[in-house]
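**Student:** Below is one structure. I have some questions about it.
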Amino acid sequence: MAKKDNIRNFSIIAHIDHGKSTLADRLLELTNSVAKRDMEEQLLDNMELERERGITIKAHAVKLDYKAKDGRDYVLNLIDTPGHVDFNYEVSRSLAACEGAVLIVDASQGVEAQTLANTYLALDHNLEIVPVINKIDLPAADPDRVAHEVEDVIGIPCLESPRVSAKTGENVEDVLEEIVKLVPAPEDHDSEPLRALIFDSVYDSYRGVIVYVRVMDGKIKPGDTMRMMATGAEFTVVETGYMRATSLEPANSLSSGEVGYITASIKTVSDARVGDTVTTAQNPAAEALPGYRKVNPMVFCGIYPADGADYENLRDALEKLQLNDAALSFEPETSGALGFGFRCGFLGLLHLEIIEERLEREYNLDLVTTVPSVVYKIHLTDKSVVEIDNPSNYPDPAAIDFSEEPVVEAHIYAPPEYVGAIMDLCQDRRGAYEGMTYLDADRVDLKYVLPLNEIIYDFFDVLKSRTRGYASFDYEMKGYQKSQLVKLDVLLNGDVIDALSFIIHSDKAYTRARKIAEKLKDNIPRQMFEIPVQIAVGSKVIARETVKAMRKDVLAKCYGGDITRKKKLLEKQKEGKKRMRKFGTVEVPQEAFMAVLKLDE
Amino acid sequence: MENIGLYLHIPFCSSKCPYCDFYSFRSDREFISRYVDKMNAEIIKKSGEINCKADTLYIGGGTPSLLGFSQIAQLVSTAKSRFLTRDSEITLECNPYGVTEEFFNKISECGVNRISLGLQSANDEERRKLGRRAGCEDVKRAIYYAQKSGIENISLDVMLGIPESTLDSLEKTLEFCVSRGVPHISCYMLKIEENTPFFKMRERLNLPDDDAVADMYLFACEYLESHGIKQYEISNFSVEGRESRHNLKYWRCEEYLGIGASAHSFLNGKRFYCKNDAEGFVKEPRYVFDGDGGSFEEFAMLKLRLTEGVLESEVKERFGFKIPEKLRLGAEKFIDLGLVCADENSLRLTRKGFLLSNSILAEIL
């Protein structure tokens, strides 16, 4: 088979913080893809949020021109991948679009959980791995040790690999040379029917959705009728071209082996789903590329505007975000406590937090979110099964035969001295131990099956703190397992507060109930009457606290005739009341509600 | 036009108490004298502009007793000649420290017929924490001289919630007040104001908590009542007929003229005040408009400070309508909680209601 010799398609994989975005930036600089003056730190991370959090949320791609030391010109297509387990599927699609992957390993930290997980993912896609040891400028750098570790743990040659500092730029050109040398050129399948893999899509208000593709077979050009093989939707291609670092560069066509974009006046990204295959209506491919699946939300929560008047604005904002994020789902819901809002589904907690932050920052909304929930399968006595992602819909316990909850298979990598602490934590989180492997003398891989609802809140934070930041963590969905679940209701002054209900394993109910009761007691300001705080399973109260009645709130001295001052105080107090949420008869300030929802210890 | 109240503000103190955020400062004789001169001139000037009489005069501060009696006499006589009716209540706030028999004789002679003394506590240790120089004996002496000079209408200020105070120490203070035979007592709860030394050191002050202060308040109300000194306002108590006529004007939403730096006025439906600037006042008094006064909300807010509460008859006479249904409905749940009392004639707060008056007002007004 003929090859397109001058093309290399690669992505960069790394554990978080090992310098992926920084290296990507250096590659852009070295290939003169960006004028120096346009160079912003971490150029590929477009979103303000991505730069701030130091993680890549969306996949990005860029075409680099490189004149190699062999004197030939190459086209290097860099496909950046998201850096978080929430976006594993997107990562796998990005990798499927490449022939090789640059594996970055931190010269002081060595192999970490995501290093391995991403490497295995890359190997699954038959990618050629190009190891690079980064951060050699750090005082703690030990590239020799790390190179051996990579060889021992991953089993790929690394001793001769480039050792670079993406930060200072040292030896970065070697990385480009290695890519040219090691990553296979794509095969020439121009004569076959079109098959192009969608690895990302971005909504643009002028052109509609911009679909990022890797063409595997055939050709596509403006005027063609493109067809999405999973959804069957068809569009007329308006433009094709290549992604440059700071702009799009139109081209007459895209052909096999190439990475580029297509626009076709597509209205929403859900019509151009990541993983779908693009073919043409005129000469359709017989079979789609493998690996497509519809991404299902894993974590759900209610999102409500703090001010009911913002309901429509919240809807608009969610619709706009959804244009660009096929994994985000939402539907209207009503809460007795919070009014009108939306039940939203996310890939994971990070995804949830990102959406929440974007809504607050980019759309200026003040939000209240309910406790995140996973999707439980409740088997009823009449043999039917309901899927519950909202505690409000939890069936009458008498009608429940048994319940199932989603579980993940988790790998935790850490130095051996932390094994005890990690096992305690996993035990505490109802984990089932599956095995432990010594990767080398300094690192073990602990395998656990963990209920998803035990890791969505704060698992990673606690893991980090118990291992002084040394442990890393990765997981994938494993399926459902039987579980003893109960629904906890929170009652304030005798009224159930629907927004605070949640589903939990029965073993955890008492401890959690006590904590919630305490937290509510501490966060609800005293009011003019005593407020009983009760946590109940069905009609049985399992924890209770009391918010004592407030007894003093008075301006004792009405200042020598300064009535205006008193009036202003009264106005301020009235304003303060507006910021309260009324739960039945009890007023709870926004801040207290948020504190209660954040269940981290 | 009805008689108004006249208020004169003397912003001078020999030292600043650590909890006080009133406008007051230390000054020299010369400046004080210029200030008093200006005040006399201003009373005269205002009397030319305002065509009405006053039946109360209140000289407050600061520490008005810092002025010599001749300056006080001068102010009183100017007020008398320009504003006051014959039966006026004339109050002078006094610091019990270092006032002499002669002082009281002279001020009594010139017409002062009511004094307000800052006792705060009968416990000298507590008084010291509040930065008060006078001891209990000084207060005793001041009361004695005042009574001897013919001024028997005396009010004592008592403070609730003093650092490290207890119900016991409060009882002793109230005992002291009753034993002196004074007809009027003000019991203020200490409020920690920003920009005071107490605010900075509040964590170290060992302040009784809100619940303890609420207990002290209720205790004081009961104690005084059982000794014939009835509550008539959130913080004020008196024997029948000895309520502060001047202060009642504030709480009944009646009109008054305030002269001096930081003094507030309510005249012809307008509220205005003089800036917190004694130097400026001496050069040329400037009045700052502070909005219209006398709305129903304002009236109710003020009247609900009084035990008499809001009366249907008054509302009818003053506004031409009945107590609004919204207010009565809003008050219902507070009636159930024992915080508000209502019948067809009036609506008023109970003692427990007074303690929570900010929250209640914010909800019903």
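Residue numbering restarts at 1 for every chain of the structure tokens, chains are lettered A, B, ... in their displayed order, and ligands are numbered from 1 as they appear.
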Please check the contacts: residues of chain A at most 10 Å away from chain B, using only C-alpha atoms, listed as a JSON list (two decimals) with N, CA and C atoms, in the first residue's frame.

**Tutor:**
```json
[["chain", "number", "residue", "atom", "x", "y", "z"],
["A", 527, "GLN", "N", -33.42, 31.57, 63.56],
["A", 527, "GLN", "CA", -34.59, 32.33, 63.15],
["A", 527, "GLN", "C", -35.48, 32.57, 64.35],
["A", 528, "MET", "N", -36.63, 33.17, 64.11],
["A", 528, "MET", "CA", -37.40, 33.62, 65.26],
["A", 528, "MET", "C", -38.09, 32.49, 66.00],
["A", 529, "PHE", "N", -37.95, 31.29, 65.45],
["A", 529, "PHE", "CA", -38.51, 30.13, 66.15],
["A", 529, "PHE", "C", -37.49, 29.00, 66.06],
["A", 549, "ALA", "N", -33.86, 29.02, 68.56],
["A", 549, "ALA", "CA", -34.51, 30.26, 68.11],
["A", 549, "ALA", "C", -33.58, 31.44, 68.39],
["A", 550, "MET", "N", -33.57, 32.38, 67.45],
["A", 550, "MET", "CA", -32.82, 33.61, 67.67],
["A", 550, "MET", "C", -33.56, 34.43, 68.71],
["A", 551, "ARG", "N", -32.83, 35.10, 69.57],
["A", 551, "ARG", "CA", -33.52, 35.85, 70.61],
["A", 551, "ARG", "C", -33.25, 37.34, 70.55],
["A", 552, "LYS", "N", -32.19, 37.74, 69.86],
["A", 552, "LYS", "CA", -31.89, 39.17, 69.91],
["A", 552, "LYS", "C", -31.49, 39.68, 68.54],
["A", 553, "ASP", "N", -32.24, 40.62, 68.05],
["A", 553, "ASP", "CA", -31.90, 41.30, 66.81],
["A", 553, "ASP", "C", -32.60, 42.65, 66.89],
["A", 554, "VAL", "N", -31.95, 43.59, 67.51],
["A", 554, "VAL", "CA", -32.62, 44.84, 67.83],
["A", 554, "VAL", "C", -31.63, 45.99, 67.78],
["A", 555, "LEU", "N", -32.13, 47.12, 67.33],
["A", 555, "LEU", "CA", -31.34, 48.33, 67.40],
["A", 555, "LEU", "C", -31.77, 49.02, 68.68],
["A", 556, "ALA", "N", -30.97, 48.81, 69.75],
["A", 556, "ALA", "CA", -31.41, 49.26, 71.07],
["A", 556, "ALA", "C", -31.56, 50.77, 71.11],
["A", 557, "LYS", "N", -30.62, 51.44, 70.47],
["A", 557, "LYS", "CA", -30.62, 52.88, 70.57],
["A", 557, "LYS", "C", -31.02, 53.46, 69.22],
["A", 558, "CYS", "N", -32.06, 54.26, 69.25],
["A", 558, "CYS", "CA", -32.43, 54.93, 68.02],
["A", 558, "CYS", "C", -31.76, 56.30, 68.08],
["A", 559, "TYR", "N", -30.70, 56.42, 67.34],
["A", 559, "TYR", "CA", -29.79, 57.55, 67.47],
["A", 559, "TYR", "C", -30.47, 58.90, 67.39],
["A", 560, "GLY", "N", -30.12, 59.72, 68.37],
["A", 560, "GLY", "CA", -30.65, 61.07, 68.50],
["A", 560, "GLY", "C", -31.29, 61.61, 67.23],
["A", 561, "GLY", "N", -32.43, 61.10, 66.89],
["A", 561, "GLY", "CA", -33.17, 61.66, 65.78],
["A", 561, "GLY", "C", -32.72, 61.19, 64.40],
["A", 562, "ASP", "N", -31.69, 60.36, 64.33],
["A", 562, "ASP", "CA", -31.22, 59.90, 63.02],
["A", 562, "ASP", "C", -32.07, 58.72, 62.56],
["A", 563, "ILE", "N", -33.24, 59.06, 62.03],
["A", 563, "ILE", "CA", -34.20, 58.03, 61.64],
["A", 563, "ILE", "C", -33.77, 57.36, 60.33],
["A", 564, "THR", "N", -33.07, 58.15, 59.50],
["A", 564, "THR", "CA", -32.67, 57.61, 58.21],
["A", 564, "THR", "C", -31.75, 56.41, 58.38],
["A", 566, "LYS", "N", -31.77, 54.29, 60.73],
["A", 566, "LYS", "CA", -32.59, 53.13, 61.08],
["A", 566, "LYS", "C", -33.33, 52.60, 59.85],
["A", 567, "LYS", "N", -33.81, 53.53, 59.04],
["A", 567, "LYS", "CA", -34.52, 53.10, 57.83],
["A", 567, "LYS", "C", -33.60, 52.32, 56.91],
["A", 569, "LEU", "N", -30.96, 50.63, 57.75],
["A", 569, "LEU", "CA", -30.71, 49.30, 58.32],
["A", 569, "LEU", "C", -31.85, 48.35, 57.98],
["A", 570, "LEU", "N", -33.06, 48.88, 58.07],
["A", 570, "LEU", "CA", -34.23, 48.06, 57.78],
["A", 570, "LEU", "C", -34.23, 47.61, 56.32],
["A", 571, "GLU", "N", -33.88, 48.55, 55.43],
["A", 571, "GLU", "CA", -33.82, 48.22, 54.00],
["A", 571, "GLU", "C", -32.78, 47.14, 53.75],
["A", 572, "LYS", "N", -31.64, 47.28, 54.43],
["A", 572, "LYS", "CA", -30.56, 46.31, 54.25],
["A", 572, "LYS", "C", -31.02, 44.92, 54.69],
["A", 573, "GLN", "N", -31.73, 44.92, 55.81],
["A", 573, "GLN", "CA", -32.23, 43.65, 56.32],
["A", 573, "GLN", "C", -33.22, 43.03, 55.35],
["A", 574, "LYS", "N", -34.06, 43.88, 54.75],
["A", 574, "LYS", "CA", -35.02, 43.36, 53.76],
["A", 574, "LYS", "C", -34.29, 42.79, 52.56],
["A", 575, "GLU", "N", -33.24, 43.50, 52.11],
["A", 575, "GLU", "CA", -32.43, 43.01, 50.99],
["A", 575, "GLU", "C", -31.88, 41.63, 51.32],
["A", 576, "GLY", "N", -31.36, 41.52, 52.56],
["A", 576, "GLY", "CA", -30.79, 40.26, 53.01],
["A", 576, "GLY", "C", -31.81, 39.13, 52.92],
["A", 577, "LYS", "N", -33.05, 39.45, 53.23],
["A", 577, "LYS", "CA", -34.09, 38.41, 53.19],
["A", 577, "LYS", "C", -34.32, 37.91, 51.77]]
```

**Student:** Quick check for you: according to DSSP on this backbone, which residues of range 227-388 of chain A are classed as strand (DSSP E or B)? Reply as a PyMOL selection string.

**Tutor:** chain A and resi 227-228+234-236+239-243+248-251+254-255+259-263+277-280+299-305+329-335+339-346+367-369+373-374+376-380+385-388

**Student:** For Thr369 in chain A, which residue out of A:His351, A:Arg195, A:Lys540, A:Arg343 is the nearest one, using only C-alpha atoms?

**Tutor:**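 Smallest distance to Thr369 in chain A is found for A:Arg343.
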
**Student:** Can you list, as a list in words, every residue of range 147-275 of chain A that DSSP puts in helix (DSSP H, G or I)?

**Tutor:**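 Put together, the selection reads Ala147, His148, Glu149, Val150, Glu151, Asp152, Val153, Ile154, Val172, Glu173, Asp174, Val175, Leu176, Glu177, Glu178, Ile179, Val180, Lys181, Leu182, Val269, Ser270 and Asp271 of chain A.
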
**Student:** So, with only C-alpha atoms as the atoms that count, which of A:Leu76, A:Ile133, A:Leu123, A:Ile262 lies closest to Lys20 in chain A?

**Tutor:** A:Ile133

**Student:** Return the single residue from B:Val99, B:Cys221, B:Ile143, B:Ala278 that is closest to Arg180 in chain B, with distances computed using only C-alpha atoms.

**Tutor:** B:Ile143

**Student:** Mind checking which residues fall within 7 Å of range 40-51 of chain B, counting only C-alpha atoms, ignoring those fewer than 2 positions away in the same chain, and posting them as a CSV table (one decimal) with C-alpha atoms, in the first residue's frame?

**Tutor:**
```csv
chain,number,residue,atom,x,y,z
B,36,VAL,CA,-21.3,77.7,71.5
B,37,ASP,CA,-21.5,81.3,70.2
B,38,LYS,CA,-22.3,79.9,66.7
B,75,LEU,CA,-27.9,78.3,75.3
B,78,THR,CA,-31.4,81.7,73.9
B,79,ALA,CA,-33.6,78.7,73.3
B,82,ARG,CA,-36.7,82.1,70.7
B,83,PHE,CA,-38.5,78.7,70.9
```

**Student:** Write out as a PDB file with C-alpha atoms, in the first residue's frame which residues come within 8 Å of Ile412 in chain A when counting only C-alpha atoms, dropping same-chain ones fewer than 3 positions away.

**Tutor:**
```
ATOM      1  CA  ALA A 113      -1.690   6.591  36.629  1.00  0.00           C
ATOM      2  CA  VAL A 444       2.273  -0.252  43.067  1.00  0.00           C
ATOM      3  CA  ASP A 445      -0.921  -0.514  41.083  1.00  0.00           C
ATOM      4  CA  LEU A 446      -3.934  -1.145  43.295  1.00  0.00           C
ATOM      5  CA  LYS A 447      -7.001  -2.362  41.520  1.00  0.00           C
ATOM      6  CA  ALA A 471      -1.152   8.747  44.383  1.00  0.00           C
ATOM      7  CA  SER A 472      -2.718   8.976  40.976  1.00  0.00           C
ATOM      8  CA  PHE A 473      -6.023   7.586  39.967  1.00  0.00           C
ATOM      9  CA  ASP A 474      -7.802   6.420  36.895  1.00  0.00           C
TER      10      ASP A 474
END
```

**Student:** Between A:Cys344, A:Glu112, A:Asp224, A:Ala517, which one has atoms that come closest to Ala327 in chain A, using only C-alpha atoms?

**Tutor:**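 Once distances to Ala327 in chain A are computed over only C-alpha atoms, the minimum belongs to A:Cys344.
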
**Student:** Using only C-alpha atoms, determine which residues lie at most 12 Å from Arg141 in chain B, disregarding the query and same-chain residues fewer than 6 positions distant; provide the list as a list in words.

**Tutor:**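 Counting only C-alpha atoms, the residues come to Asn95, Pro96, Tyr97, Gly98, Val99, Thr100, Glu101, Phe104, Leu117, Leu119, Ala134, Gly135, Gln147, Lys148 and Arg180 of chain B.
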
**Student:** How would the residues just picked look written out with N, CA and C atoms as a tab-separated table (two decimals), in the first residue's frame?

**Tutor:**
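File out_8.tsv, as written:
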```tsv
chain	number	residue	atom	x	y	z
B	95	ASN	N	-22.04	64.19	82.48
B	95	ASN	CA	-21.08	63.20	82.92
B	95	ASN	C	-20.97	63.33	84.43
B	96	PRO	N	-21.21	62.26	85.16
B	96	PRO	CA	-21.23	62.38	86.62
B	96	PRO	C	-19.86	62.71	87.21
B	97	TYR	N	-18.84	62.64	86.40
B	97	TYR	CA	-17.49	62.84	86.94
B	97	TYR	C	-17.19	64.32	87.11
B	98	GLY	N	-16.91	64.70	88.35
B	98	GLY	CA	-16.43	66.06	88.63
B	98	GLY	C	-17.47	67.16	88.52
B	99	VAL	N	-18.77	66.84	88.51
B	99	VAL	CA	-19.74	67.94	88.51
B	99	VAL	C	-20.03	68.33	89.96
B	100	THR	N	-20.14	69.64	90.16
B	100	THR	CA	-20.22	70.14	91.53
B	100	THR	C	-21.64	70.52	91.92
B	101	GLU	N	-21.81	70.74	93.20
B	101	GLU	CA	-23.11	71.19	93.71
B	101	GLU	C	-23.48	72.51	93.05
B	104	PHE	N	-24.95	72.16	89.51
B	104	PHE	CA	-26.37	71.80	89.46
B	104	PHE	C	-27.26	72.96	89.89
B	117	LEU	N	-27.91	61.01	83.21
B	117	LEU	CA	-26.57	60.68	83.71
B	117	LEU	C	-26.14	59.31	83.17
B	119	LEU	N	-24.72	56.23	83.90
B	119	LEU	CA	-24.27	55.34	84.98
B	119	LEU	C	-23.59	54.11	84.36
B	134	ALA	N	-15.81	58.10	86.10
B	134	ALA	CA	-16.53	58.28	87.35
B	134	ALA	C	-16.76	56.94	88.04
B	135	GLY	N	-16.70	56.93	89.32
B	135	GLY	CA	-17.05	55.74	90.09
B	135	GLY	C	-18.49	55.87	90.54
B	147	GLN	N	-30.75	66.39	92.78
B	147	GLN	CA	-32.03	66.37	93.51
B	147	GLN	C	-32.13	67.55	94.46
B	148	LYS	N	-30.98	67.85	95.11
B	148	LYS	CA	-30.97	68.95	96.07
B	148	LYS	C	-31.23	70.28	95.38
B	180	ARG	N	-31.89	54.99	94.37
B	180	ARG	CA	-31.65	56.44	94.26
B	180	ARG	C	-32.94	57.22	94.00
```

**Student:** Restricting the calculation to only C-alpha atoms: of A:Arg163, A:His60, A:Arg93, A:Arg466, which residue gets closest to Asp80 in chain A?

**Tutor:** A:His60

**Student:** If we count only C-alpha atoms and set the cut-off at 10 Å, which residues sit around Ile335 in chain B, ignoring sequence neighbours fewer than 6 positions away in its own chain? Please answer as a list of chain:residue names.

**Tutor:**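 Result of the neighbour search: B:Arg328, B:Cys341, B:Ala342, B:Leu347, B:Arg348, B:Leu349, B:Thr350, B:Gly353.
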
**Student:** Find the spatial neighbours of Glu151 in chain A, counting only C-alpha atoms, within a cut-off of 12 Å - ignore same-chain residues fewer than 3 positions away - and output them as a PyMOL selection string.

**Tutor:** chain A and resi 105+110-111+129+131+144-148+154-161+439-440

**Student:** So, with only C-alpha atoms as the atoms that count, which of B:Ile323, B:Val288, B:Leu57, B:Cys20 lies closest to Ala300 in chain B?

**Tutor:**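 Distance minimum relative to Ala300 in chain B lands on B:Ile323.
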